[in-house]
Amino acid sequence: MAHLLGGENLSVSYATRTVLDGVTLGLEEGDRIGMVGRNGDGKSTLMRLLSMRSTPDSGRVTKRGDVNVGYLDQSDVLDGDLTVGAAIVGDQADYEWARNPQIREVMGGLVSDVDWHANVHALSGGQKRRVALAKLLIEDHDVIMLDEPTNHLDVEGVAWLSRHLKTRWRVNQGAFLVVTHDRWFLDEVCTKTWEVHDGIVDPFDGGYAAYVLARAERDRSASVMESKRQQLVKKELAWLRRGAPARTAKPKFRIEAANELIADVPEPRDSMALSKMATARLGKDVLDLENVTLDFLGGQPGQKLFDNITLRLAPGERLGLVGVNGAGKTTLLKLLNGEIQPTSGKVKRGKTVVTAVLTQEVKELDDVADLRVIEVIEREKRSFNVGGKEFTAGQLVEQLGFTNQKQWTPVRDLSGGERRRLQLLRLLVGEPNVLMLDEPTNDLDTDTLAAVEDVLDGWPGTLVVVSHDRYLLERATDHQMALLGDGKIRALPRGVDQYLELRESALAGSTITGGGNPVIAASGSTAPAAPGASEAEKRDARKAKNRIERQLGKVSQQEEKIHAQMVKSTSDNDFDSMAELNKKLKTLADDREALELEWLEALEVLGE
């Protein structure tokens, strides 16, 4: 493989702290590299050096003369006075860029919902990010470097970007280097991992799962990592080994050694034990939304954000919520928390319920900006119980990455990721029994995410997580539901993959209009018009529609019956019966999904 670019003996220091110390590495043709490490350990610094956006204190960066490098910074670098179209394609006429299938694909994947003629400064932070990413990806680069490209992308956007990067070049052509905390994305697109820590860079074969396996083996054989961090890695490793086979297909070292390493590691969480503890703390009633309708806040009367939805949270339930932007995920949390009231329907709250919400903002810490980290936690409580174990405030603070020195740092001096961790800690020490997390992965590195998940594993309460991070959803929750933007909430028995399939089906045949641009299908080809159905086909579709609606009614009756049985089993502490009933409920959810797809197909034929 041909060498593209590299750094030799790179060193960078800030004040008295050395970020990179004599690092030598390079990118070859075909490299697909993900970079991980704690916040502040030098990932972005190294990327800027390799892209020649900054210079090292010592050492040098070289590249082959004809290599073209594209770089996406974390900061906003677009000219705010340009229109979206001008920012992406410059002064090219519509017919010029629209005839390029690669450009059409990027437009469809990233900016189909952005006003082509709007000025960049009028866009949201997420839209600016997608415009900048689109501008980079339509250009012809030999090497692409992306610093946190998944920030502000929803689940669909992350899935699209992963497909694009995997198919952009042939196997042994091009190269990319990506920094991201999205562990699913790292596993999906990367064949190598660089871990930046303590001024050095350790290379590993494979994506994130392979990196976790290799790091656990390295830590065991070299005995260079402290016991606490090793236990975190082993616990996550145990979960990964029980996950999809594809996660462990990439490592090129002995899987047997990894299996031996985790032979005595328990399940990441004991769901049955946690359910018993949760029932003791919560009783049988937690939070229920019954036939809730909510108009769009500030919208016209009759414009519904939620349309007659029902959601029941059980003691110890761990629910993940995923959905399109604007579908109401954050609003749903506010409904559950009692911050807003529905237009119609009921919100029932158990007598013993104590909720806590981790919002996307960190303004909740403004009132303690002058206090030190440990003082903030001790002011709430000095000790508390997690998973049957007693922790002091200092122990919990340390568990989430605040070293002895960091514990005495004033809140105002913390980084974004550190403030996020402290925000979660402050909620946990209040000992809520219903915890709701709104995009909790913002600003957190992969090690900190593993630590947060470890704390959540032993947390005995009802958990609701809104996130675009599918790794977190699969890791920390037991089942997922989706908001698809149609006012409904839908169970996802097959998880995030099912959500992506549903969205793909919903968008199939849809068109993209970039203001005055040519109409382009999402796949990059002109969208064909659907042929009309014959009268015979419509008769058959009408019969199918009536039949399916009757079957859906029966499924709903069965679900209501099982819910009633689950309430009784919960009050009787009959957890074996609860597990069996939950299996039946998942089977019914699969049946409902299949019927609803048939129903939609019938409606399409009828033109309704």
# chains A, B, ... in the order shown; residues from 1 in each chain; ligands from 1
>>> select_by_dssp(residues="range 21-140 of chain A", states="strand (DSSP E or B)", output="VMD selection string")
chain A and resid 21 to 28 32 to 36 58 to 63 69 to 72 83 119
>>> select_by_dssp(residues="range 264-489 of chain A", states="alpha helix (DSSP H)", output="VMD selection string")
chain A and resid 271 to 282 329 to 337 373 to 380 393 to 399 416 to 429 446 to 457 470 to 476
>>> closest_atom_pairs(of="range 463-506 of chain A", to="range 424-442 of chain A", cutoff="10 Å", atoms="only C-alpha atoms", output="tab-separated table")
residue	atom	partner	partner_atom	distance
A:Leu463	CA	A:Leu435	CA	5.0
A:Val464	CA	A:Met436	CA	4.7
A:Val465	CA	A:Leu437	CA	4.8
A:Val466	CA	A:Asp438	CA	4.9
A:Ser467	CA	A:Glu439	CA	4.6
A:His468	CA	A:Glu439	CA	7.1
A:Asp469	CA	A:Thr441	CA	7.3
A:Leu472	CA	A:Thr441	CA	8.1
>>> atom_distance(atom1="CA of Arg470 in chain A", atom2="CA of Val155 in chain A")
7.3 Å
>>> atom_distance(atom1="CA of Arg592 in chain A", atom2="CA of Arg494 in chain A")
13.1 Å
>>> closest_atom_pairs(of="range 374-476 of chain A", to="range 175-199 of chain A", cutoff="6 Å", atoms="only C-alpha atoms", output="JSON lines")
{"residue": "A:Asp445", "atom": "CA", "partner": "A:His181", "partner_atom": "CA", "distance": 5.4}
{"residue": "A:Thr446", "atom": "CA", "partner": "A:His181", "partner_atom": "CA", "distance": 5.4}
{"residue": "A:Tyr471", "atom": "CA", "partner": "A:Trp184", "partner_atom": "CA", "distance": 5.2}
>>> write_last_selection(atoms="N, CA and C atoms", output="compact mmCIF listing (two decimals), in the first residue's frame")
# COMPACT_ATOMS: atom_id res chain seq x y z
N ASP A 445 -16.24 11.49 26.08
CA ASP A 445 -15.36 10.60 25.33
C ASP A 445 -15.77 9.15 25.60
N THR A 446 -15.16 8.20 24.87
CA THR A 446 -15.59 6.80 24.95
C THR A 446 -15.34 6.20 26.33
N TYR A 471 -25.18 2.83 20.03
CA TYR A 471 -24.40 1.98 20.92
C TYR A 471 -24.91 2.14 22.35
>>> residues_around(residues="Val201 in chain A", least_positions_apart="6", cutoff="10 Å", atoms="only C-alpha atoms", output="JSON, numbers by chain")
{"A": [20, 21, 22, 23, 24, 25, 35, 36, 37, 42, 43, 46, 193, 194, 195]}
>>> write_last_selection(atoms="all heavy atoms", output="mmCIF file, in the first residue's frame")
data_model
loop_
_atom_site.group_PDB
_atom_site.id
_atom_site.type_symbol
_atom_site.label_atom_id
_atom_site.label_comp_id
_atom_site.auth_asym_id
_atom_site.auth_seq_id
_atom_site.Cartn_x
_atom_site.Cartn_y
_atom_site.Cartn_z
ATOM 1 N N LEU A 20 1.447 15.699 23.153
ATOM 2 C CA LEU A 20 2.025 14.662 22.293
ATOM 3 C C LEU A 20 3.536 14.666 22.508
ATOM 4 O O LEU A 20 4.168 15.728 22.509
ATOM 5 C CB LEU A 20 1.699 14.928 20.820
ATOM 6 C CG LEU A 20 0.206 14.933 20.443
ATOM 7 C CD1 LEU A 20 0.026 15.368 18.992
ATOM 8 C CD2 LEU A 20 -0.415 13.560 20.659
ATOM 9 N N ASP A 21 4.102 13.472 22.659
ATOM 10 C CA ASP A 21 5.515 13.366 23.020
ATOM 11 C C ASP A 21 6.229 12.410 22.075
ATOM 12 O O ASP A 21 6.249 11.209 22.275
ATOM 13 C CB ASP A 21 5.638 12.879 24.462
ATOM 14 C CG ASP A 21 7.075 12.898 24.970
ATOM 15 O OD1 ASP A 21 7.939 13.461 24.280
ATOM 16 O OD2 ASP A 21 7.317 12.347 26.064
ATOM 17 N N GLY A 22 6.780 12.952 20.981
ATOM 18 C CA GLY A 22 7.562 12.144 20.049
ATOM 19 C C GLY A 22 6.749 11.107 19.301
ATOM 20 O O GLY A 22 7.189 9.973 19.119
ATOM 21 N N VAL A 23 5.585 11.487 18.806
ATOM 22 C CA VAL A 23 4.689 10.546 18.125
ATOM 23 C C VAL A 23 5.082 10.401 16.655
ATOM 24 O O VAL A 23 5.264 11.399 15.947
ATOM 25 C CB VAL A 23 3.224 11.021 18.234
ATOM 26 C CG1 VAL A 23 2.314 10.182 17.335
ATOM 27 C CG2 VAL A 23 2.756 10.972 19.681
ATOM 28 N N THR A 24 5.189 9.140 16.203
ATOM 29 C CA THR A 24 5.473 8.854 14.795
ATOM 30 C C THR A 24 4.411 7.889 14.265
ATOM 31 O O THR A 24 4.196 6.821 14.847
ATOM 32 C CB THR A 24 6.867 8.230 14.625
ATOM 33 O OG1 THR A 24 7.867 9.172 15.052
ATOM 34 C CG2 THR A 24 7.120 7.852 13.175
ATOM 35 N N LEU A 25 3.742 8.275 13.197
ATOM 36 C CA LEU A 25 2.701 7.428 12.593
ATOM 37 C C LEU A 25 2.400 7.931 11.189
ATOM 38 O O LEU A 25 2.910 8.964 10.760
ATOM 39 C CB LEU A 25 1.421 7.428 13.463
ATOM 40 C CG LEU A 25 0.962 8.735 14.113
ATOM 41 C CD1 LEU A 25 0.491 9.741 13.114
ATOM 42 C CD2 LEU A 25 -0.138 8.456 15.132
ATOM 43 N N MET A 35 -10.010 7.409 15.852
ATOM 44 C CA MET A 35 -9.138 7.865 16.927
ATOM 45 C C MET A 35 -9.962 8.022 18.204
ATOM 46 O O MET A 35 -10.993 8.689 18.209
ATOM 47 C CB MET A 35 -8.474 9.195 16.538
ATOM 48 C CG MET A 35 -7.227 9.460 17.313
ATOM 49 S SD MET A 35 -6.013 10.576 16.531
ATOM 50 C CE MET A 35 -6.934 11.708 15.559
ATOM 51 N N VAL A 36 -9.506 7.384 19.294
ATOM 52 C CA VAL A 36 -10.207 7.445 20.571
ATOM 53 C C VAL A 36 -9.248 7.916 21.656
ATOM 54 O O VAL A 36 -8.033 7.914 21.477
ATOM 55 C CB VAL A 36 -10.798 6.068 20.956
ATOM 56 C CG1 VAL A 36 -11.799 5.582 19.921
ATOM 57 C CG2 VAL A 36 -9.688 5.029 21.150
ATOM 58 N N GLY A 37 -9.823 8.302 22.792
ATOM 59 C CA GLY A 37 -9.026 8.781 23.919
ATOM 60 C C GLY A 37 -9.841 9.749 24.746
ATOM 61 O O GLY A 37 -10.901 10.216 24.324
ATOM 62 N N GLY A 42 -5.436 14.985 23.226
ATOM 63 C CA GLY A 42 -4.688 15.368 22.030
ATOM 64 C C GLY A 42 -5.193 14.827 20.713
ATOM 65 O O GLY A 42 -4.492 14.914 19.699
ATOM 66 N N LYS A 43 -6.421 14.284 20.661
ATOM 67 C CA LYS A 43 -6.931 13.725 19.404
ATOM 68 C C LYS A 43 -7.066 14.804 18.333
ATOM 69 O O LYS A 43 -6.570 14.651 17.205
ATOM 70 C CB LYS A 43 -8.290 13.044 19.646
ATOM 71 C CG LYS A 43 -8.276 11.943 20.672
ATOM 72 C CD LYS A 43 -9.609 11.236 20.781
ATOM 73 C CE LYS A 43 -10.730 12.126 21.250
ATOM 74 N NZ LYS A 43 -10.530 12.626 22.633
ATOM 75 N N LEU A 46 -3.654 16.199 17.215
ATOM 76 C CA LEU A 46 -2.959 15.324 16.273
ATOM 77 C C LEU A 46 -3.572 15.425 14.878
ATOM 78 O O LEU A 46 -2.844 15.460 13.871
ATOM 79 C CB LEU A 46 -3.024 13.874 16.771
ATOM 80 C CG LEU A 46 -2.370 12.818 15.876
ATOM 81 C CD1 LEU A 46 -0.902 13.146 15.648
ATOM 82 C CD2 LEU A 46 -2.524 11.431 16.484
ATOM 83 N N THR A 193 -7.724 1.367 14.845
ATOM 84 C CA THR A 193 -8.030 2.331 15.907
ATOM 85 C C THR A 193 -6.731 2.859 16.499
ATOM 86 O O THR A 193 -5.819 2.091 16.786
ATOM 87 C CB THR A 193 -8.873 1.669 17.025
ATOM 88 O OG1 THR A 193 -10.090 1.165 16.467
ATOM 89 C CG2 THR A 193 -9.207 2.681 18.123
ATOM 90 N N TRP A 194 -6.657 4.176 16.645
ATOM 91 C CA TRP A 194 -5.544 4.802 17.350
ATOM 92 C C TRP A 194 -6.057 5.296 18.703
ATOM 93 O O TRP A 194 -7.016 6.067 18.756
ATOM 94 C CB TRP A 194 -5.001 6.008 16.576
ATOM 95 C CG TRP A 194 -4.240 5.669 15.328
ATOM 96 C CD1 TRP A 194 -3.839 4.451 14.899
ATOM 97 C CD2 TRP A 194 -3.790 6.602 14.335
ATOM 98 N NE1 TRP A 194 -3.164 4.534 13.717
ATOM 99 C CE2 TRP A 194 -3.120 5.857 13.339
ATOM 100 C CE3 TRP A 194 -3.876 7.977 14.188
ATOM 101 C CZ2 TRP A 194 -2.550 6.452 12.213
ATOM 102 C CZ3 TRP A 194 -3.320 8.583 13.069
ATOM 103 C CH2 TRP A 194 -2.653 7.825 12.091
ATOM 104 N N GLU A 195 -5.414 4.857 19.793
ATOM 105 C CA GLU A 195 -5.752 5.369 21.111
ATOM 106 C C GLU A 195 -4.703 6.406 21.513
ATOM 107 O O GLU A 195 -3.515 6.090 21.623
ATOM 108 C CB GLU A 195 -5.790 4.254 22.157
ATOM 109 C CG GLU A 195 -6.206 4.774 23.533
ATOM 110 C CD GLU A 195 -6.039 3.757 24.640
ATOM 111 O OE1 GLU A 195 -5.306 2.757 24.443
ATOM 112 O OE2 GLU A 195 -6.636 3.955 25.720
#
>>> residues_around(residues="Asp140 in chain A", least_positions_apart="5", cutoff="10 Å", atoms="only C-alpha atoms", output="list in words")
Asn68, Val69 and Gly70 of chain A
>>> atom_distance(atom1="CA of Asp202 in chain A", atom2="CA of Glu28 in chain A")
16.7 Å
>>> closest_residue(among="A:Leu110, A:Ala544, A:Leu319, A:Leu78", to="His164 in chain A", atoms="only C-alpha atoms")
A:Leu110
>>> closest_residue(among="A:Ser51, A:Glu598, A:Glu604, A:Ser556", to="Glu537 in chain A", atoms="only C-alpha atoms")
A:Glu604
>>> closest_residue(among="A:Ser75, A:Thr462, A:Ser58, A:Thr409", to="Glu375 in chain A", atoms="only C-alpha atoms")
A:Thr409
>>> residues_around(residues="Asp81 in chain A", least_positions_apart="2", cutoff="8 Å", atoms="only C-alpha atoms", output="list in words")
Asp79, Thr83, Asn119, Val120 and His121 of chain A
>>> residues_around(residues="Leu365 in chain A", least_positions_apart="3", cutoff="8 Å", atoms="only C-alpha atoms", output="VMD selection string")
chain A and resid 362 368 to 369 411 419 423
>>> closest_residue(among="A:Met578, A:Ala541, A:Ala118, A:Leu449", to="Ala602 in chain A", atoms="only C-alpha atoms")
A:Ala541
>>> residues_around(residues="range 126-135 of chain A", least_positions_apart="4", cutoff="10 Å", atoms="only C-alpha atoms", output="MDAnalysis selection string")
chainID A and resid 71:78 80 84:90 103 105:111 113:115 120:122 139 146 149:154 157 161
